[in-house]
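The data block below is data.pdb; it holds PDB, C-alpha atoms.
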ATOM      1  CA  MET C   1       0.000   0.000   0.000
ATOM      2  CA  THR C   2       1.226   3.461  -0.904
ATOM      3  CA  VAL C   3       0.212   6.288   1.430
ATOM      4  CA  PRO C   4       0.567   9.873   0.156
ATOM      5  CA  PHE C   5       2.295  11.266   3.255
ATOM      6  CA  ASP C   6       3.356  14.375   1.327
ATOM      7  CA  GLN C   7      -0.177  15.196   0.180
ATOM      8  CA  PRO C   8      -1.973  17.869   2.259
ATOM      9  CA  LEU C   9      -5.357  16.770   3.605
ATOM     10  CA  ASN C  10      -7.948  19.376   4.586
ATOM     11  CA  ARG C  11      -9.716  18.317   7.790
ATOM     12  CA  GLU C  12     -11.508  21.560   8.579
ATOM     13  CA  ASN C  13     -15.298  21.413   8.914
ATOM     14  CA  THR C  14     -15.233  17.632   9.403
ATOM     15  CA  ARG C  15     -16.080  17.783  13.150
ATOM     16  CA  SER C  16     -12.386  17.314  13.843
ATOM     17  CA  VAL C  17     -11.540  18.087  17.464
ATOM     18  CA  LYS C  18      -8.024  18.983  16.399
ATOM     19  CA  PHE C  19      -9.078  21.619  13.857
ATOM     20  CA  ASP C  20     -12.680  22.600  14.507
ATOM     21  CA  ALA C  21     -12.212  23.159  18.257
ATOM     22  CA  ARG C  22      -9.371  25.665  17.877
ATOM     23  CA  LYS C  23     -11.603  28.645  18.559
ATOM     24  CA  ALA C  24     -12.982  27.110  21.750
ATOM     25  CA  VAL C  25      -9.570  26.014  23.029
ATOM     26  CA  PHE C  26      -7.280  28.863  21.958
ATOM     27  CA  GLY C  27      -9.712  31.707  21.378
ATOM     28  CA  ARG C  28      -8.576  31.984  17.771
ATOM     29  CA  GLU C  29      -8.464  29.810  14.671
ATOM     30  CA  ASP C  30      -5.180  30.889  13.053
ATOM     31  CA  VAL C  31      -3.049  28.434  15.011
ATOM     32  CA  ILE C  32      -1.325  25.208  14.035
ATOM     33  CA  PRO C  33      -3.264  22.533  15.984
ATOM     34  CA  ALA C  34      -0.496  20.379  17.411
ATOM     35  CA  TRP C  35      -2.472  19.729  20.593
ATOM     36  CA  VAL C  36      -4.297  16.495  19.730
ATOM     37  CA  ALA C  37      -2.525  13.224  18.941
ATOM     38  CA  ASP C  38      -4.093  12.186  15.677
ATOM     39  CA  MET C  39      -2.385  12.422  12.295
ATOM     40  CA  ASP C  40      -3.321  14.393   9.216
ATOM     41  CA  PHE C  41      -2.817  11.414   6.894
ATOM     42  CA  PRO C  42      -5.452   9.172   5.325
ATOM     43  CA  VAL C  43      -5.999   5.782   6.921
ATOM     44  CA  PRO C  44      -5.117   2.598   5.009
ATOM     45  CA  ALA C  45      -7.523   1.970   2.144
ATOM     46  CA  ALA C  46      -8.607  -1.348   3.682
ATOM     47  CA  ILE C  47     -10.059   0.483   6.682
ATOM     48  CA  THR C  48     -12.069   2.876   4.538
ATOM     49  CA  LYS C  49     -13.329  -0.052   2.453
ATOM     50  CA  ALA C  50     -14.442  -2.027   5.513
ATOM     51  CA  LEU C  51     -16.213   0.987   7.030
ATOM     52  CA  SER C  52     -17.967   1.768   3.736
ATOM     53  CA  GLU C  53     -19.193  -1.800   3.405
ATOM     54  CA  ARG C  54     -20.562  -1.818   6.946
ATOM     55  CA  ALA C  55     -22.131   1.625   6.571
ATOM     56  CA  ALA C  56     -24.002   0.405   3.483
ATOM     57  CA  HIS C  57     -26.315  -1.567   5.795
ATOM     58  CA  PRO C  58     -28.871   0.985   7.085
ATOM     59  CA  VAL C  59     -29.189  -0.340  10.659
ATOM     60  CA  TYR C  60     -26.569   0.613  13.250
ATOM     61  CA  GLY C  61     -27.746  -1.319  16.279
ATOM     62  CA  TYR C  62     -25.869  -2.944  19.129
ATOM     63  CA  THR C  63     -22.945  -4.816  17.664
ATOM     64  CA  LEU C  64     -20.894  -7.847  18.622
ATOM     65  CA  PHE C  65     -17.129  -7.953  18.311
ATOM     66  CA  PRO C  66     -16.272 -10.567  15.671
ATOM     67  CA  GLU C  67     -13.846 -13.353  16.443
ATOM     68  CA  SER C  68     -11.718 -12.125  13.545
ATOM     69  CA  LEU C  69     -10.989  -8.990  15.579
ATOM     70  CA  TYR C  70      -9.596 -10.987  18.482
ATOM     71  CA  GLN C  71      -7.566 -13.117  16.085
ATOM     72  CA  SER C  72      -6.136  -9.996  14.462
ATOM     73  CA  ILE C  73      -5.062  -8.673  17.860
ATOM     74  CA  MET C  74      -3.398 -11.970  18.749
ATOM     75  CA  ASP C  75      -1.664 -12.213  15.377
ATOM     76  CA  TRP C  76      -0.444  -8.614  15.533
ATOM     77  CA  PHE C  77       1.164  -8.963  18.945
ATOM     78  CA  SER C  78       2.672 -12.313  18.089
ATOM     79  CA  GLU C  79       4.234 -11.060  14.870
ATOM     80  CA  ARG C  80       5.195  -7.547  15.951
ATOM     81  CA  HIS C  81       5.963  -7.871  19.645
ATOM     82  CA  SER C  82       6.680 -11.599  20.215
ATOM     83  CA  TRP C  83       3.821 -11.807  22.710
ATOM     84  CA  ASN C  84       1.522 -14.824  22.476
ATOM     85  CA  ILE C  85      -1.769 -13.540  23.835
ATOM     86  CA  GLN C  86      -4.631 -15.875  24.610
ATOM     87  CA  ARG C  87      -8.129 -15.072  23.385
ATOM     88  CA  GLU C  88      -9.687 -14.920  26.859
ATOM     89  CA  TRP C  89      -7.174 -12.317  28.008
ATOM     90  CA  ILE C  90      -8.645  -9.659  25.704
ATOM     91  CA  LEU C  91     -11.396  -7.298  26.854
ATOM     92  CA  MET C  92     -12.691  -4.715  24.395
ATOM     93  CA  ALA C  93     -13.082  -1.164  25.729
ATOM     94  CA  PRO C  94     -14.298   2.230  24.453
ATOM     95  CA  GLY C  95     -10.894   3.842  25.014
ATOM     96  CA  VAL C  96      -7.691   3.818  27.029
ATOM     97  CA  VAL C  97      -8.837   6.739  29.192
ATOM     98  CA  PRO C  98     -12.046   4.998  30.361
ATOM     99  CA  SER C  99      -9.896   1.929  31.004
ATOM    100  CA  LEU C 100      -7.606   3.959  33.281
ATOM    101  CA  HIS C 101     -10.675   4.961  35.295
ATOM    102  CA  ALA C 102     -11.924   1.371  35.372
ATOM    103  CA  ALA C 103      -8.538   0.121  36.563
ATOM    104  CA  CYS C 104      -8.468   2.602  39.447
ATOM    105  CA  MET C 105     -11.928   1.529  40.575
ATOM    106  CA  ALA C 106     -11.241  -2.169  40.043
ATOM    107  CA  TYR C 107      -7.968  -2.513  41.912
ATOM    108  CA  ALA C 108      -7.907   0.211  44.565
ATOM    109  CA  ARG C 109     -10.473   1.253  47.142
ATOM    110  CA  PRO C 110     -11.414   4.919  47.586
ATOM    111  CA  GLY C 111      -8.507   6.685  49.262
ATOM    112  CA  GLU C 112      -5.930   4.046  48.344
ATOM    113  CA  GLY C 113      -2.859   5.000  46.350
ATOM    114  CA  VAL C 114      -2.044   4.936  42.645
ATOM    115  CA  ILE C 115       1.518   5.700  41.525
ATOM    116  CA  VAL C 116       2.039   7.805  38.390
ATOM    117  CA  GLN C 117       5.280   9.038  36.825
ATOM    118  CA  PRO C 118       5.034  12.673  35.701
ATOM    119  CA  PRO C 119       5.368  14.365  33.337
ATOM    120  CA  VAL C 120       2.754  12.090  31.823
ATOM    121  CA  TYR C 121      -0.470  12.091  29.800
ATOM    122  CA  PRO C 122      -2.960  14.197  31.856
ATOM    123  CA  PRO C 123      -5.726  11.535  32.153
ATOM    124  CA  PHE C 124      -3.354   9.519  34.339
ATOM    125  CA  PHE C 125      -3.930  12.175  36.993
ATOM    126  CA  SER C 126      -7.650  12.746  36.384
ATOM    127  CA  SER C 127      -8.475   9.033  36.420
ATOM    128  CA  VAL C 128      -6.994   8.787  39.920
ATOM    129  CA  ARG C 129      -8.545  11.962  41.290
ATOM    130  CA  LEU C 130     -12.001  11.547  39.745
ATOM    131  CA  SER C 131     -12.261   7.984  41.001
ATOM    132  CA  GLY C 132     -11.500   9.123  44.547
ATOM    133  CA  ARG C 133      -8.139   7.375  44.780
ATOM    134  CA  ALA C 134      -4.971   8.936  46.217
ATOM    135  CA  LEU C 135      -2.347  10.210  43.783
ATOM    136  CA  ILE C 136       1.245   9.146  44.519
ATOM    137  CA  GLU C 137       3.767  10.903  42.264
ATOM    138  CA  ASN C 138       7.070   9.321  41.267
ATOM    139  CA  PRO C 139       8.515  12.015  38.962
ATOM    140  CA  LEU C 140      10.876  11.097  36.161
ATOM    141  CA  ILE C 141      14.379  12.572  36.330
ATOM    142  CA  ARG C 142      15.529  14.799  33.478
ATOM    143  CA  ASP C 143      19.205  14.860  32.524
ATOM    144  CA  GLU C 144      19.971  18.565  32.151
ATOM    145  CA  GLN C 145      22.750  17.930  29.626
ATOM    146  CA  THR C 146      20.999  15.510  27.274
ATOM    147  CA  GLY C 147      17.379  16.380  28.011
ATOM    148  CA  HIS C 148      16.611  12.663  28.325
ATOM    149  CA  TYR C 149      14.413  11.307  31.085
ATOM    150  CA  ARG C 150      14.853   8.254  33.283
ATOM    151  CA  MET C 151      12.912   6.684  36.126
ATOM    152  CA  ASP C 152      13.764   7.459  39.743
ATOM    153  CA  LEU C 153      13.804   3.838  40.902
ATOM    154  CA  ASP C 154      14.923   4.636  44.441
ATOM    155  CA  HIS C 155      11.963   6.950  44.891
ATOM    156  CA  LEU C 156       9.663   4.420  43.221
ATOM    157  CA  GLU C 157      10.720   1.911  45.865
ATOM    158  CA  ILE C 158       9.681   4.382  48.563
ATOM    159  CA  CYS C 159       6.329   5.021  46.866
ATOM    160  CA  ALA C 160       5.655   1.315  46.396
ATOM    161  CA  ALA C 161       6.430   0.620  50.062
ATOM    162  CA  ARG C 162       3.615   2.883  51.234
ATOM    163  CA  ALA C 163       0.911   0.931  53.022
ATOM    164  CA  ASP C 164      -1.801   2.458  50.842
ATOM    165  CA  ALA C 165      -0.110   1.877  47.444
ATOM    166  CA  ARG C 166      -2.057  -0.503  45.206
ATOM    167  CA  LEU C 167      -1.352   0.393  41.571
ATOM    168  CA  LEU C 168       1.461   1.601  39.355
ATOM    169  CA  MET C 169       0.443   3.338  36.147
ATOM    170  CA  LEU C 170       3.205   2.825  33.609
ATOM    171  CA  CYS C 171       3.306   4.677  30.291
ATOM    172  CA  SER C 172       5.298   2.610  27.803
ATOM    173  CA  PRO C 173       6.469   4.055  25.452
ATOM    174  CA  HIS C 174       6.194   7.154  27.573
ATOM    175  CA  ASN C 175       3.947  10.038  26.565
ATOM    176  CA  PRO C 176       5.161  12.791  26.361
ATOM    177  CA  VAL C 177       8.889  12.285  27.002
ATOM    178  CA  GLY C 178       9.224   9.675  24.246
ATOM    179  CA  ARG C 179      11.231   7.138  26.234
ATOM    180  CA  ILE C 180      11.221   3.503  25.137
ATOM    181  CA  TRP C 181      11.943   1.763  28.405
ATOM    182  CA  SER C 182      14.838  -0.670  28.227
ATOM    183  CA  GLU C 183      14.624  -4.271  29.362
ATOM    184  CA  GLN C 184      16.773  -3.416  32.384
ATOM    185  CA  GLU C 185      14.514  -0.536  33.390
ATOM    186  CA  LEU C 186      11.379  -2.631  33.023
ATOM    187  CA  GLU C 187      12.885  -5.493  34.991
ATOM    188  CA  ALA C 188      13.708  -3.112  37.829
ATOM    189  CA  VAL C 189      10.182  -1.653  37.827
ATOM    190  CA  LEU C 190       8.542  -5.062  37.677
ATOM    191  CA  ASP C 191      10.745  -6.320  40.499
ATOM    192  CA  ILE C 192       9.591  -3.439  42.694
ATOM    193  CA  ALA C 193       5.970  -4.044  41.729
ATOM    194  CA  ARG C 194       6.205  -7.750  42.475
ATOM    195  CA  ARG C 195       7.876  -7.302  45.875
ATOM    196  CA  HIS C 196       5.269  -4.759  46.977
ATOM    197  CA  ASP C 197       2.312  -6.563  45.408
ATOM    198  CA  LEU C 198       1.427  -3.713  43.055
ATOM    199  CA  ILE C 199      -0.785  -4.216  40.030
ATOM    200  CA  VAL C 200       0.833  -2.594  36.986
ATOM    201  CA  ILE C 201      -1.452  -0.786  34.538
ATOM    202  CA  SER C 202       0.629  -0.295  31.399
ATOM    203  CA  ASP C 203      -0.585   2.147  28.748
ATOM    204  CA  GLU C 204       1.133   0.917  25.580
ATOM    205  CA  ILE C 205      -0.949   2.686  22.953
ATOM    206  CA  HIS C 206       2.169   4.049  21.189
ATOM    207  CA  CYS C 207       3.970   0.699  21.009
ATOM    208  CA  ASP C 208       3.932   0.529  17.196
ATOM    209  CA  LEU C 209       5.405   4.005  16.667
ATOM    210  CA  ILE C 210       9.042   3.221  17.443
ATOM    211  CA  LEU C 211      11.185   5.517  15.322
ATOM    212  CA  GLU C 212      14.555   5.194  17.048
ATOM    213  CA  GLU C 213      16.770   2.710  15.236
ATOM    214  CA  GLY C 214      17.781  -0.268  17.319
ATOM    215  CA  LYS C 215      15.057   0.273  19.919
ATOM    216  CA  THR C 216      12.339  -2.319  20.557
ATOM    217  CA  HIS C 217       9.142  -2.027  22.549
ATOM    218  CA  ILE C 218       8.858  -4.609  25.323
ATOM    219  CA  PRO C 219       5.284  -5.291  26.479
ATOM    220  CA  ALA C 220       5.252  -5.231  30.278
ATOM    221  CA  GLY C 221       2.728  -8.050  30.428
ATOM    222  CA  ARG C 222       4.964 -10.280  28.330
ATOM    223  CA  GLU C 223       7.471 -10.502  31.143
ATOM    224  CA  ALA C 224       6.969 -13.793  32.977
ATOM    225  CA  ASN C 225       7.335 -12.294  36.457
ATOM    226  CA  LEU C 226       4.494  -9.816  35.868
ATOM    227  CA  ALA C 227       2.080 -11.619  33.563
ATOM    228  CA  GLU C 228      -0.376 -12.492  36.326
ATOM    229  CA  ASN C 229      -0.269  -9.019  37.881
ATOM    230  CA  SER C 230      -0.587  -6.778  34.836
ATOM    231  CA  VAL C 231      -3.184  -4.946  32.788
ATOM    232  CA  THR C 232      -1.992  -3.768  29.370
ATOM    233  CA  LEU C 233      -4.061  -1.045  27.705
ATOM    234  CA  MET C 234      -3.889  -0.848  23.935
ATOM    235  CA  ALA C 235      -5.678   0.458  20.856
ATOM    236  CA  ALA C 236      -5.253   0.551  17.111
ATOM    237  CA  SER C 237      -5.903   4.293  17.149
ATOM    238  CA  LYS C 238      -2.332   5.624  17.072
ATOM    239  CA  THR C 239      -0.972   2.908  14.788
ATOM    240  CA  PHE C 240      -3.624   3.343  12.091
ATOM    241  CA  ASN C 241      -4.870   6.888  12.822
ATOM    242  CA  ILE C 242      -8.392   5.758  13.781
ATOM    243  CA  ALA C 243      -8.818   7.387  17.207
ATOM    244  CA  GLY C 244     -12.451   8.253  16.469
ATOM    245  CA  LEU C 245     -13.440   4.604  16.079
ATOM    246  CA  GLY C 246     -12.900   3.577  19.701
ATOM    247  CA  THR C 247     -10.822   0.489  18.927
ATOM    248  CA  SER C 248      -9.385  -0.037  22.402
ATOM    249  CA  PHE C 249      -8.819  -3.162  24.449
ATOM    250  CA  ALA C 250      -7.247  -4.412  27.655
ATOM    251  CA  ILE C 251      -5.027  -7.487  27.868
ATOM    252  CA  ILE C 252      -5.390  -9.114  31.299
ATOM    253  CA  PRO C 253      -3.933 -12.613  31.766
ATOM    254  CA  ASN C 254      -5.217 -13.052  35.335
ATOM    255  CA  ARG C 255      -8.854 -14.237  35.461
ATOM    256  CA  GLN C 256      -9.643 -12.504  38.770
ATOM    257  CA  LEU C 257      -8.214  -9.217  37.514
ATOM    258  CA  ARG C 258     -10.258  -9.563  34.299
ATOM    259  CA  GLN C 259     -13.457 -10.039  36.267
ATOM    260  CA  ALA C 260     -12.723  -7.080  38.533
ATOM    261  CA  PHE C 261     -11.990  -4.898  35.497
ATOM    262  CA  THR C 262     -15.220  -6.020  33.809
ATOM    263  CA  ASN C 263     -17.258  -5.251  36.925
ATOM    264  CA  ALA C 264     -15.707  -1.793  37.303
ATOM    265  CA  ALA C 265     -16.130  -0.939  33.608
ATOM    266  CA  ALA C 266     -19.807  -1.878  33.781
ATOM    267  CA  GLY C 267     -20.294   0.798  36.416
ATOM    268  CA  ILE C 268     -18.725   3.666  34.439
TER
END

Let me see the file written as structure tokens.
Amino acid sequence: MTVPFDQPLNRENTRSVKFDARKAVFGREDVIPAWVADMDFPVPAAITKALSERAAHPVYGYTLFPESLYQSIMDWFSERHSWNIQREWILMAPGVVPSLHAACMAYARPGEGVIVQPPVYPPFFSSVRLSGRALIENPLIRDEQTGHYRMDLDHLEICAARADARLLMLCSPHNPVGRIWSEQELEAVLDIARRHDLIVISDEIHCDLILEEGKTHIPAGREANLAENSVTLMAASKTFNIAGLGTSFAIIPNRQLRQAFTNAAAGI
């Protein structure tokens, strides 16, 4: 497939949040809208074809998720990320942000702690606060010479040791600092999580957009020592530029954690 990445695409007056909400957000319309993470490129032709074929049927009622969707997810992660996911691990969701809220409600009681690593995607904070959980911040450390960020593992250990700590929200690859966490970094984080019985909620929505040569995304849930204590949040939205379609899912190997997530999501 050839995608015309050098061909301008006019998205104004298409109900695009990125373009048509500029006046409401910035008070003016003559700004470059770099504030929303969707791309100004056409989606693959196969997606447009599938949507057109479905839209041709004039009834848009409640819809089941086809088994082919689950198989596509399993095939994608097996081929691209060497992660053999089982069908029952996959729970479809309306978006990663609602899933962050569901995870807070599923795995921590009101007032209990959720660790986040700022600077990070703002809904990490709002999902904790709006669900009535306690925010525990483990800020990343910025190297003043290189501008690169790293985790403060010593401080993470202190946060994880708190009696009220229940969850660690990991952003991998990290948004917005762009870090692809190394195997050594992930092993250290997962070791801390395991020793302090933390459930790790890993937002990996950007896992297919690895631009740095020689770098590889490592799914947190693929690691054997965390598989039973992890919730991986994913979507096809960033990979294929289809954020408006709500193609999100959670990968939860542990049956009890899946049930708790399902129960919490039903209440949102």

Nearby residues, (5.3, 0.1, 50.0) file frame, 10 Å, only C-alpha atoms, as a PyMOL selection string:
chain C and resi 156-166+192-193+195-198

Could you save those same residues with C-alpha atoms as a compact mmCIF listing (two decimals), keeping the file's coordinate frame?
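Output file result-v1.txt follows:
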# COMPACT_ATOMS: atom_id res chain seq x y z
CA LEU C 156 9.66 4.42 43.22
CA GLU C 157 10.72 1.91 45.86
CA ILE C 158 9.68 4.38 48.56
CA CYS C 159 6.33 5.02 46.87
CA ALA C 160 5.66 1.32 46.40
CA ALA C 161 6.43 0.62 50.06
CA ARG C 162 3.62 2.88 51.23
CA ALA C 163 0.91 0.93 53.02
CA ASP C 164 -1.80 2.46 50.84
CA ALA C 165 -0.11 1.88 47.44
CA ARG C 166 -2.06 -0.50 45.21
CA ILE C 192 9.59 -3.44 42.69
CA ALA C 193 5.97 -4.04 41.73
CA ARG C 195 7.88 -7.30 45.88
CA HIS C 196 5.27 -4.76 46.98
CA ASP C 197 2.31 -6.56 45.41
CA LEU C 198 1.43 -3.71 43.06

Might you pull out every residue within 9 Å of C:Pro94, with all atoms listed in the file counted and same-chain residues fewer than 4 positions away left off, and present them as a ChimeraX atom specification? /C:98-99,245-249

* Asked: Got a sec to resolve the PyMOL selection byres ((chain C and resi 261) around 8) on this structure and send the residues as a VMD selection string?
  -> chain C and resid 102 to 103 106 to 107 257 to 260 262 to 265

Given the file above and the PyMOL selection byres ((chain C and resi 100) around 10), which residues are selected, and can you give them as a PyMOL selection string?
chain C and resi 95-99+101-106+123-128+131+169+201-203+231+233+265

C:Ala46 proximity check over C:Leu209, C:Arg255, C:Gly178, C:Phe240, using all atoms listed in the file: winner is C:Phe240

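From atom CA of C:Glu187 back to atom CA of C:Met151, the distance works out to 12.2 Å.
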
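Atom pair atom CA of C:Thr216 / atom CA of C:Ser78 has a distance of 14.1 Å (rounded to one decimal).
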
Suppose a student applies the PyMOL selection byres ((chain C and resi 8) around 12) to this structure; what residues should they get, written as a PyMOL selection string? chain C and resi 3-7+9-11+39-42

I need the chosen residues saved as a compact mmCIF listing (two decimals), keeping the file's coordinate frame, with C-alpha atoms.
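Contents of out.txt, as written:
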# COMPACT_ATOMS: atom_id res chain seq x y z
CA VAL C 3 0.21 6.29 1.43
CA PRO C 4 0.57 9.87 0.16
CA PHE C 5 2.30 11.27 3.26
CA ASP C 6 3.36 14.38 1.33
CA GLN C 7 -0.18 15.20 0.18
CA LEU C 9 -5.36 16.77 3.60
CA ASN C 10 -7.95 19.38 4.59
CA ARG C 11 -9.72 18.32 7.79
CA MET C 39 -2.38 12.42 12.30
CA ASP C 40 -3.32 14.39 9.22
CA PHE C 41 -2.82 11.41 6.89
CA PRO C 42 -5.45 9.17 5.32

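The smallest atom-to-atom distance between C:Tyr121 and any of C:Ile32, C:Ala93, C:Ala37, C:Ala188, using all atoms listed in the file, is found for C:Ala37.
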
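With atom CA of C:Met74 on one side and atom CA of C:Glu53 on the other, the separation reads 24.3 Å.
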
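Closest approach to C:Leu190 among C:Ile210, C:Leu168, C:Val36, C:Val177: C:Leu168, based on all atoms listed in the file.
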
From the list C:Cys171, C:Ile205, C:Ile180, C:Leu64, the nearest residue to C:Ala236 using only C-alpha atoms is C:Ile205

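Shown here are all protein and nucleic acid residues lying within 10 Å of (0.5, 10.8, 45.9), with only C-alpha atoms considered: Glu112, Gly113, Val114, Ile115, Val116, Val128, Arg133, Ala134, Leu135, Ile136, Glu137, Asn138, Cys159, Asp164 and Ala165 of chain C.
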
message: I want to know what sits within 12 Å of C:Pro176, based on all atoms listed in the file, with residues of the same chain fewer than 3 positions away left out; could you give that as a PyMOL selection string?
response: chain C and resi 35+37+117-122+140+148-149+171-173+179-180+206

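The smallest atom-to-atom distance between C:Ser230 and any of C:Gly214, C:Gly111, C:Trp89, C:Gln184, using only C-alpha atoms, is found for C:Trp89.
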
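Remark: for C:Met92, the closest of the candidate residues C:Gln256, C:Arg194, C:Leu69, C:Ala108 is C:Leu69 (distances computed over only C-alpha atoms).
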
Dump stretch 72-86 of chain C with N, CA and C atoms to a file, as a short mmCIF file (atom, residue, chain, number, x, y, z; two decimals), in the first residue's frame.
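Here's the written file selection-v7.cif:
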data_model
loop_
_atom_site.label_atom_id
_atom_site.label_comp_id
_atom_site.auth_asym_id
_atom_site.auth_seq_id
_atom_site.Cartn_x
_atom_site.Cartn_y
_atom_site.Cartn_z
N SER C 72 -7.04 -11.02 15.00
CA SER C 72 -6.14 -10.00 14.46
C SER C 72 -5.25 -9.42 15.55
N ILE C 73 -5.84 -9.18 16.74
CA ILE C 73 -5.06 -8.67 17.86
C ILE C 73 -3.98 -9.68 18.26
N MET C 74 -4.36 -10.94 18.37
CA MET C 74 -3.40 -11.97 18.75
C MET C 74 -2.29 -12.11 17.71
N ASP C 75 -2.66 -12.09 16.44
CA ASP C 75 -1.66 -12.21 15.38
C ASP C 75 -0.71 -11.03 15.38
N TRP C 76 -1.26 -9.83 15.57
CA TRP C 76 -0.44 -8.61 15.53
C TRP C 76 0.62 -8.64 16.63
N PHE C 77 0.21 -8.97 17.85
CA PHE C 77 1.16 -8.96 18.95
C PHE C 77 2.16 -10.11 18.84
N SER C 78 1.74 -11.21 18.29
CA SER C 78 2.67 -12.31 18.09
C SER C 78 3.74 -11.96 17.07
N GLU C 79 3.32 -11.37 15.96
CA GLU C 79 4.23 -11.06 14.87
C GLU C 79 5.09 -9.84 15.14
N ARG C 80 4.50 -8.83 15.77
CA ARG C 80 5.19 -7.55 15.95
C ARG C 80 5.93 -7.42 17.28
N HIS C 81 5.42 -8.09 18.30
CA HIS C 81 5.96 -7.87 19.64
C HIS C 81 6.31 -9.18 20.37
N SER C 82 6.29 -10.29 19.65
CA SER C 82 6.68 -11.60 20.21
C SER C 82 5.93 -11.92 21.50
N TRP C 83 4.66 -11.58 21.54
CA TRP C 83 3.82 -11.81 22.71
C TRP C 83 2.65 -12.69 22.29
N ASN C 84 2.59 -13.88 22.82
CA ASN C 84 1.52 -14.82 22.48
C ASN C 84 0.36 -14.65 23.45
N ILE C 85 -0.61 -13.87 23.02
CA ILE C 85 -1.77 -13.54 23.83
C ILE C 85 -2.85 -14.59 23.64
N GLN C 86 -3.51 -14.94 24.70
CA GLN C 86 -4.63 -15.87 24.61
C GLN C 86 -5.94 -15.11 24.43
#
